[in-house]
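Undergrad: Here it is: the structure, laid out below.
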Amino acid sequence: MHSKRSAPFLFACHWCKELKKVPTVKQIIKTIEEIAPRALALPGDPVGLQCGEPDRLVSRLMVSLDATLETVTQAAELNVDLLVTHHPLLFEPLTQENILGPAAKALVRAIREDLAVYSAHTNLDASADGINDSFASLLDLRERRVLQSSSPEYFKVVVYVPGEQLERVRSAAFRAGGGQVGDYSGCSFSIEGVGTFHPGEGTSPTIGLPGCDEKVQEARLEISVQPAVLGAVLADVRAAHPYEEPAIDVYPAISSIPGAGFGIAGVLPQSATVGQVAARVGSALNAGSMRLVGKKGRKVKRVAVCAGSGASLLDAAAAARAQLYITGDVKYHDARKAEEIGINLLDVGHFPPERYGLNRFGKLLEKKLAGLGLKIQVSYAKERDPFVPVS
Ligand SMILES: [Zn+2]
């Protein structure tokens with residue numbers, strides 16, 4: 001199978017008179033989602049386009065951790081067309097209670113400025129080239145494995161249909177959105193076999209007679225279907241099927257995406273003390289304050305990392321035999337649990353590793369866009385950690 005890209009819009013720049021390829025928001029999203037497939041996002045995480053027109057042309061793009069009024073204003077002042085954030089602008093739905101809150105204010109400003117905002121959140125956390133990959137690379141971790149694998153769910157729809165009607169049913173499933181696998185559409189499999197059935201009294205079978213055993217040459221058609229279009233595919237397949245009672249099976253399935261998941265465990269190139277590792281991480285991430293549960297002088301070789309709020313993966317880090325787990329947003333009872341388990345736990349804050357990973361993501365995106373011949377000016381919002389050390 002071959003993927004096909006739509007040609008970017010050609011645009012003669014009035015200022016430099018050179019012929020540039022100017023992509024749309026939609027085309028940039030496609031590239032972002034090659035890095036961070038949307039299917040990797042946790043259920044309920046509102047990743048994707050937060051506001052703006054998918055067909056809007058983009059010459060300037062800004063990367064930021066948050067879509068605050070401050071970052072939206074920075075983007076507007078630099079005439080940015082698309083702001084790509086990690087934390088979704090609409091993380092909480094807008095209601096009467098928060099309609100005057102910070103998210104609503106940032107959204108209103110973005111809309112007024114004709115600024116599109118797109119968020120890649122837990123899909124970027126979980127992607128093989130994502131935020132945690134940057135974190136693990138900072139320590140040059142080897143022999144990596146994810147702490148919690150990410151396996152997007154989809155459905156396998158299996159239909160048994162006489163050979164003559166196979167293409168009609170297959171086409172109906174495709175038209176309803178079935179058979180989409182990544183960038184490929186029209187994906188299916190079929191094989192011939194023998195179907196048997198016994199129409200009961202009072203039935204009106206398409207083939208055979210009520211009360212008589214029947215054997216029919218049928219095809220078994222298999223199509224992958226994403227959850228969002230399952231209802232439409234089943235309805236259209238049923239409508240296109242010649243049988244009174246078509247046999248349609250739906251199996252839940254999970255995708256296997258190599259290297260995708262939350263948190264990474266690995267081995268340091270050389271053993272180091274917890275204090276040495278902490279100093280290295282703190283300096284690379286410019287982490288203003290860090291907190292440790294454990295002993296600074298303890299030598300460690302196996303380390304696990306998870307940017308953001310990763311305390312829920314403490315057990316997974318221990319199961320991966322990590323001697324030190326580095327994450328953020330650690331609560332008191334997480335600290336007590338780490339003591340009990342006997343794992344060193346370093347809290348570097350939420351902001352530092354995510355901001356660090358986003359810079360690397362921005363560079364990767366820029367490189368991928370340049371590889372497509374798309375010259376886009378990429379800038380980075382000036383953001384600060386809301387937590388500052390008191391002394
Ligand atoms: Zn975060």
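Each chain in the structure tokens gets a letter, A, B, ..., in the order shown, and its residues are numbered from 1; ligands are numbered from 1 in order too.
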Please identify all polymer residues within 12 Å of region 348-351 of chain A, counting only C-alpha atoms, omitting same-chain residues fewer than 6 positions from it, and present them as a tab-separated table (two decimals) with N, CA and C atoms, in the first residue's frame.
TA:
chain	number	residue	atom	x	y	z
A	64	SER	N	3.63	25.82	22.44
A	64	SER	CA	3.59	26.19	23.86
A	64	SER	C	3.06	25.02	24.67
A	65	LEU	N	3.35	25.05	25.98
A	65	LEU	CA	2.84	23.99	26.85
A	65	LEU	C	1.36	24.22	27.12
A	66	ASP	N	1.03	25.47	27.41
A	66	ASP	CA	-0.36	25.81	27.76
A	66	ASP	C	-0.93	26.84	26.79
A	86	HIS	N	0.46	21.64	24.29
A	86	HIS	CA	0.40	20.29	24.86
A	86	HIS	C	-0.92	20.14	25.63
A	87	HIS	N	-1.12	20.96	26.63
A	87	HIS	CA	-2.37	20.87	27.40
A	87	HIS	C	-3.52	21.49	26.59
A	131	ILE	N	7.06	13.14	24.40
A	131	ILE	CA	7.62	13.84	25.55
A	131	ILE	C	8.50	12.92	26.41
A	135	PHE	N	12.57	12.81	27.59
A	135	PHE	CA	12.96	12.71	29.00
A	135	PHE	C	13.99	11.58	29.17
A	277	VAL	N	22.19	11.87	39.51
A	277	VAL	CA	21.13	11.84	38.48
A	277	VAL	C	20.23	13.07	38.65
A	278	ALA	N	19.89	13.37	39.90
A	278	ALA	CA	19.02	14.52	40.16
A	278	ALA	C	19.67	15.82	39.69
A	279	ALA	N	20.98	15.94	39.93
A	279	ALA	CA	21.68	17.17	39.52
A	279	ALA	C	21.66	17.30	38.00
A	280	ARG	N	21.87	16.19	37.32
A	280	ARG	CA	21.88	16.22	35.85
A	280	ARG	C	20.51	16.60	35.29
A	281	VAL	N	19.48	15.96	35.84
A	281	VAL	CA	18.11	16.25	35.38
A	281	VAL	C	17.73	17.69	35.70
A	282	GLY	N	18.03	18.11	36.93
A	282	GLY	CA	17.67	19.46	37.36
A	282	GLY	C	18.31	20.52	36.49
A	283	SER	N	19.58	20.28	36.12
A	283	SER	CA	20.26	21.29	35.32
A	283	SER	C	19.74	21.28	33.87
A	284	ALA	N	19.52	20.09	33.30
A	284	ALA	CA	19.03	20.03	31.90
A	284	ALA	C	17.63	20.59	31.78
A	285	LEU	N	16.80	20.34	32.80
A	285	LEU	CA	15.41	20.78	32.72
A	285	LEU	C	15.22	22.18	33.30
A	286	ASN	N	16.26	22.71	33.88
A	286	ASN	CA	16.16	23.99	34.57
A	286	ASN	C	15.05	23.93	35.63
A	287	ALA	N	15.02	22.80	36.34
A	287	ALA	CA	13.99	22.60	37.36
A	287	ALA	C	14.38	23.39	38.61
A	288	GLY	N	13.52	24.34	38.96
A	288	GLY	CA	13.83	25.23	40.07
A	288	GLY	C	13.88	24.53	41.41
A	289	SER	N	12.96	23.60	41.61
A	289	SER	CA	12.97	22.89	42.89
A	289	SER	C	12.59	21.44	42.65
A	290	MET	N	13.28	20.56	43.35
A	290	MET	CA	12.98	19.13	43.21
A	290	MET	C	12.85	18.56	44.61
A	291	ARG	N	12.09	17.50	44.73
A	291	ARG	CA	11.93	16.85	46.04
A	291	ARG	C	12.24	15.38	45.88
A	292	LEU	N	12.89	14.84	46.87
A	292	LEU	CA	13.30	13.43	46.78
A	292	LEU	C	12.73	12.62	47.93
A	293	VAL	N	12.24	11.43	47.59
A	293	VAL	CA	11.91	10.43	48.60
A	293	VAL	C	12.98	9.36	48.40
A	305	VAL	N	11.21	7.11	34.01
A	305	VAL	CA	10.79	8.52	33.94
A	305	VAL	C	9.38	8.62	33.39
A	306	CYS	N	8.66	9.62	33.83
A	306	CYS	CA	7.36	9.95	33.22
A	306	CYS	C	7.12	11.44	33.44
A	307	ALA	N	7.07	12.20	32.36
A	307	ALA	CA	6.87	13.64	32.47
A	307	ALA	C	5.43	13.94	32.88
A	308	GLY	N	5.22	15.07	33.53
A	308	GLY	CA	3.87	15.46	33.95
A	308	GLY	C	3.52	14.83	35.27
A	309	SER	N	2.29	14.31	35.37
A	309	SER	CA	1.82	13.68	36.61
A	309	SER	C	1.90	12.18	36.46
A	310	GLY	N	2.99	11.58	36.93
A	310	GLY	CA	3.16	10.14	36.68
A	310	GLY	C	3.17	9.29	37.92
A	311	ALA	N	2.69	9.83	39.04
A	311	ALA	CA	2.74	9.04	40.29
A	311	ALA	C	1.92	7.76	40.18
A	325	TYR	N	12.66	6.51	40.30
A	325	TYR	CA	11.57	6.91	39.42
A	325	TYR	C	11.47	8.44	39.46
A	326	ILE	N	11.49	9.05	38.27
A	326	ILE	CA	11.47	10.52	38.19
A	326	ILE	C	10.17	10.96	37.52
A	327	THR	N	9.39	11.77	38.20
A	327	THR	CA	8.13	12.25	37.63
A	327	THR	C	7.77	13.58	38.30
A	328	GLY	N	6.49	13.96	38.23
A	328	GLY	CA	6.05	15.23	38.83
A	328	GLY	C	4.73	15.05	39.56
A	329	ASP	N	4.31	16.11	40.23
A	329	ASP	CA	3.02	16.13	40.94
A	329	ASP	C	2.87	14.99	41.95
A	330	VAL	N	3.94	14.69	42.66
A	330	VAL	CA	3.90	13.60	43.65
A	330	VAL	C	3.18	14.08	44.91
A	331	LYS	N	2.23	13.28	45.38
A	331	LYS	CA	1.49	13.64	46.59
A	331	LYS	C	2.08	12.91	47.79
A	357	GLY	N	10.49	18.58	26.70
A	357	GLY	CA	10.06	17.67	25.63
A	357	GLY	C	9.38	18.40	24.48
A	358	LEU	N	8.68	19.49	24.81
A	358	LEU	CA	7.97	20.23	23.75
A	358	LEU	C	8.94	20.93	22.81
A	383	GLU	N	7.30	30.79	28.33
A	383	GLU	CA	6.43	30.36	29.43
A	383	GLU	C	7.27	30.15	30.67
A	384	ARG	N	6.64	30.25	31.81
A	384	ARG	CA	7.38	30.00	33.05
A	384	ARG	C	6.58	29.03	33.90
A	385	ASP	N	7.33	28.28	34.70
A	385	ASP	CA	6.71	27.36	35.65
A	385	ASP	C	5.95	28.20	36.69
A	386	PRO	N	4.68	27.89	36.91
A	386	PRO	CA	3.97	28.69	37.92
A	386	PRO	C	4.56	28.52	39.32
A	387	PHE	N	5.26	27.39	39.57
A	387	PHE	CA	5.91	27.19	40.86
A	387	PHE	C	7.30	27.81	40.84
A	388	VAL	N	7.60	28.60	41.83
A	388	VAL	CA	8.95	29.15	41.94
A	388	VAL	C	9.51	28.79	43.33
A	389	PRO	N	10.83	28.52	43.40
A	389	PRO	CA	11.37	28.21	44.72
A	389	PRO	C	11.29	29.42	45.64
Undergrad: Tell me, in Å to one decimal, how far CA of Asp249 (chain A) is from CA of Arg220 (chain A).
TA: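 Pair CA of Asp249 (chain A) / CA of Arg220 (chain A) returns 10.6 Å.
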Undergrad: Of the candidates A:Ser119, A:Ser379, A:Gln276, A:Ser150, which one gets nearest to ligand 1 if we count only C-alpha atoms and all ligand atoms?
TA: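 With only C-alpha atoms and all ligand atoms as the atom set, the closest residue is A:Ser119.
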Undergrad: Could you find all residues in region 182-384 of chain A that DSSP calls helix (DSSP H, G or I) from the backbone, and write them as a ChimeraX atom specification?
TA: /A:227-240,274-285,311-319,332-341,351-371
Undergrad: A:Pro88, A:Gly48, A:Gly195, A:Gly266: which is nearest ligand 1, counting only C-alpha atoms and all ligand atoms?
TA: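 Comparing A:Pro88, A:Gly48, A:Gly195, A:Gly266 against ligand 1, the winner is A:Pro88.
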Undergrad: Would you return as a VMD selection string the members of region 257-314 of chain A that DSSP assigns to strand (DSSP E or B) on this structure's backbone?
TA: chain A and resid 261 to 273 291 to 293 299 to 309
Undergrad: Just checking: using only C-alpha atoms and all ligand atoms, which residue out of A:His121, A:Lys363, A:His333, A:Arg175 ends up closest to ligand 1?
TA: A:His121
Undergrad: Which value, in Å to one decimal, gives the distance between CA of Glu92 (chain A) and CA of Pro46 (chain A)?
TA: 8.6 Å
Undergrad: Can you tell me which residues surround Leu369 (chain A) at a distance of at most 8 Å, considering only C-alpha atoms, apart from same-chain residues fewer than 5 positions away, and format the answer as a ChimeraX atom specification?
TA: /A:28,31,374-376
Undergrad: Could you pull the residues within 7 Å of region 204-214 of chain A, counting only C-alpha atoms, minus those fewer than 4 positions along the same chain, as a PyMOL selection string?
TA: chain A and resi 196-200+242-244
Undergrad: Please produce a file of the residues just selected, as a PDB file, in the first residue's frame, where the atoms kept are N, CA and C atoms.
TA:
ATOM      1  N   THR A 196     -23.809 -22.339   6.506  1.00  0.00           N
ATOM      2  CA  THR A 196     -24.997 -23.206   6.645  1.00  0.00           C
ATOM      3  C   THR A 196     -26.030 -22.475   7.484  1.00  0.00           C
ATOM      4  N   PHE A 197     -27.300 -22.763   7.201  1.00  0.00           N
ATOM      5  CA  PHE A 197     -28.363 -22.207   8.049  1.00  0.00           C
ATOM      6  C   PHE A 197     -29.640 -22.996   7.838  1.00  0.00           C
ATOM      7  N   HIS A 198     -30.544 -22.824   8.785  1.00  0.00           N
ATOM      8  CA  HIS A 198     -31.843 -23.509   8.729  1.00  0.00           C
ATOM      9  C   HIS A 198     -32.914 -22.456   8.987  1.00  0.00           C
ATOM     10  N   PRO A 199     -33.563 -21.954   7.916  1.00  0.00           N
ATOM     11  CA  PRO A 199     -34.585 -20.921   8.110  1.00  0.00           C
ATOM     12  C   PRO A 199     -35.787 -21.486   8.886  1.00  0.00           C
ATOM     13  N   GLY A 200     -36.187 -20.814   9.964  1.00  0.00           N
ATOM     14  CA  GLY A 200     -37.321 -21.283  10.743  1.00  0.00           C
ATOM     15  C   GLY A 200     -38.643 -21.047  10.023  1.00  0.00           C
ATOM     16  N   PRO A 242     -28.010  -8.814   1.557  1.00  0.00           N
ATOM     17  CA  PRO A 242     -29.227  -9.372   0.963  1.00  0.00           C
ATOM     18  C   PRO A 242     -30.066 -10.207   1.934  1.00  0.00           C
ATOM     19  N   TYR A 243     -29.469 -10.674   3.030  1.00  0.00           N
ATOM     20  CA  TYR A 243     -30.173 -11.596   3.913  1.00  0.00           C
ATOM     21  C   TYR A 243     -31.168 -10.893   4.832  1.00  0.00           C
ATOM     22  N   GLU A 244     -32.202 -11.666   5.191  1.00  0.00           N
ATOM     23  CA  GLU A 244     -33.187 -11.182   6.166  1.00  0.00           C
ATOM     24  C   GLU A 244     -32.519 -11.013   7.543  1.00  0.00           C
TER      25      GLU A 244
END
Undergrad: So the first atom is CA of Thr73 (chain A) and the second is CA of Ala110 (chain A); what is the distance between them in Å, to one decimal place?
TA: 8.0 Å
